[in-house]
There are 2 protein chains.
Amino acid sequence: MRMLTGKWKAEILWRLGHGTMRFGELRRAIPGITQHMLTTQLRDLEAHGLVRRTIYPEVPPRVEYELTPSARDLGPVFNEIRIWSDKHAVALSRPT
Amino acid sequence: MRMLTGKWKAEILWRLGHGTMRFGELRRAIPGITQHMLTTQLRDLEAHGLVRRTIYPEVPPRVEYELTPSARDLGPVFNEIRIWSDKHAVALSRPT
DNA sequence: CAGCATCCTTCGGGATACTG
DNA sequence: CAGTATCCCGAAGGATGCTG
């Protein structure tokens with residue numbers, strides 16, 4: 001649970017679930033998140049082995065983020081959460 | 001997720017999963033929790049419809065807590081979490 | 001027994017400015 | 001572009017004492 005707590009963690013994982021993204025892409029894709037928060041949440045996910053960070057030593061700099069296999073295995077967990085929330089009519093703020 | 005965030009929520013739900021418990025029983029069963037925290041977390045769970053609180057107007061007072069059907073339906077969710085944590089060798093601090 | 005009231009500390013989150 | 005560095009605020013968590 002602690003690995004997933006954090007205001008933006010779920011949405012970040014959701015976004016990365018669709019494929020590799022750059023830092024700026026994520027920032028633009030997630031309305032309301034600040035650079036600071038995106039950085040800290042990503043570092044946290046990385047530290048827990050859910051996200052891989054790849055730095056390309058170019059100018060301008062490019063950094064890509066992608067889910068690890070470990071994070072992809074969380075699919076069934078989120079799936080059960082969705083089943084539960086559907087059954088109990090809980091409104092999830094699902095990213096589109 | 002927000003319904004389950006809280007330092008003691010998961011353990012409280014786990015304990016109540018074994019059956020109805022009184023306030024004092026829970027407090028003794030969960031090492032390290034204070035009365036204040038147990039109260040607030042239980043009230044939070046109750047507000048979210050996961051725990052039912054029954055007051056018996058006796059002397060001395062007796063209050064029992066039990067899971068709601070809604071909370072019991074969370075079983076598959078926790079089950080998937082366990083499957084995931086087993087596979088990835090994450091040490092869950094599982095209450096015995 | 002099962003709490004409520006009060007006070008205090010810590011932490012997550014955020015705004016803003018600056019940089020390799 | 002992709003960050004760091006500061007400063008700040010509110011909420012979560014905790015310690016302690018009192019009570020119907």
# chains A, B, ... in the order shown; residues from 1 in each chain; ligands from 1

call {"tool": "interface_residues", "arguments": {"of": "chain C", "to": "chain B", "cutoff": "10 Å", "atoms": "only C-alpha atoms (C1' of nucleotides)", "output": "list in words"}}
result
DC1, DA2, DG3 and DC4 of chain C

call {"tool": "closest_atom_pairs", "arguments": {"of": "chain B", "to": "chain A", "cutoff": "8 Å", "atoms": "only C-alpha atoms", "output": "JSON lines"}}
result
{"residue": "B:Met1", "atom": "CA", "partner": "A:Thr5", "partner_atom": "CA", "distance": 7.8}
{"residue": "B:Thr5", "atom": "CA", "partner": "A:Thr5", "partner_atom": "CA", "distance": 7.2}
{"residue": "B:Ser70", "atom": "CA", "partner": "A:His88", "partner_atom": "CA", "distance": 7.3}
{"residue": "B:Asp73", "atom": "CA", "partner": "A:Trp84", "partner_atom": "CA", "distance": 7.0}
{"residue": "B:Leu74", "atom": "CA", "partner": "A:Trp84", "partner_atom": "CA", "distance": 6.8}
{"residue": "B:Pro76", "atom": "CA", "partner": "A:Glu80", "partner_atom": "CA", "distance": 6.5}
{"residue": "B:Val77", "atom": "CA", "partner": "A:Glu80", "partner_atom": "CA", "distance": 5.2}
{"residue": "B:Phe78", "atom": "CA", "partner": "A:Val77", "partner_atom": "CA", "distance": 8.0}
{"residue": "B:Glu80", "atom": "CA", "partner": "A:Val77", "partner_atom": "CA", "distance": 5.2}
{"residue": "B:Ile81", "atom": "CA", "partner": "A:Val77", "partner_atom": "CA", "distance": 6.0}
{"residue": "B:Trp84", "atom": "CA", "partner": "A:Leu74", "partner_atom": "CA", "distance": 6.9}
{"residue": "B:His88", "atom": "CA", "partner": "A:Ser70", "partner_atom": "CA", "distance": 7.1}

call {"tool": "interface_residues", "arguments": {"of": "chain D", "to": "chain A", "cutoff": "10 Å", "atoms": "only C-alpha atoms (C1' of nucleotides)", "output": "VMD selection string"}}
result
chain D and resid 1 to 4

call {"tool": "write_last_selection", "arguments": {"atoms": "C-alpha atoms (C1' of nucleotides)", "output": "PDB file, in the first residue's frame"}}
result
ATOM      1  C1'  DC D   1      14.456  19.867 -21.180  1.00  0.00           C
ATOM      2  C1'  DA D   2      14.514  18.033 -16.909  1.00  0.00           C
ATOM      3  C1'  DG D   3      15.357  18.813 -13.217  1.00  0.00           C
ATOM      4  C1'  DT D   4      17.236  21.176  -7.841  1.00  0.00           C
TER       5       DT D   4
END

call {"tool": "select_by_dssp", "arguments": {"residues": "chain A", "states": "helix (DSSP H, G or I)", "output": "PyMOL selection string"}}
result
chain A and resi 9-16+23-29+35-47+69-72+75-87

call {"tool": "residues_around", "arguments": {"residues": "DA5 (chain D)", "least_positions_apart": "5", "cutoff": "12 Å", "atoms": "only C-alpha atoms (C1' of nucleotides)", "output": "number ranges by chain"}}
result
A: 36; C: 16-19

call {"tool": "atom_distance", "arguments": {"atom1": "CA of Leu50 (chain A)", "atom2": "CA of Pro69 (chain A)"}}
result
7.8 Å

call {"tool": "residues_around", "arguments": {"residues": "Thr34 (chain B)", "least_positions_apart": "6", "cutoff": "12 Å", "atoms": "only C-alpha atoms (C1' of nucleotides)", "output": "PyMOL selection string"}}
result
(chain B and resi 7-8+23-24+26-28+40-41) or (chain C and resi 3) or (chain D and resi 13-16)

call {"tool": "select_by_dssp", "arguments": {"residues": "chain A", "states": "strand (DSSP E or B)", "output": "list of chain:residue names"}}
result
A:Met21, A:Arg22, A:Val51, A:Arg52, A:Arg53, A:Thr54, A:Ile55, A:Tyr56, A:Arg62, A:Val63, A:Glu64, A:Tyr65, A:Glu66, A:Leu67
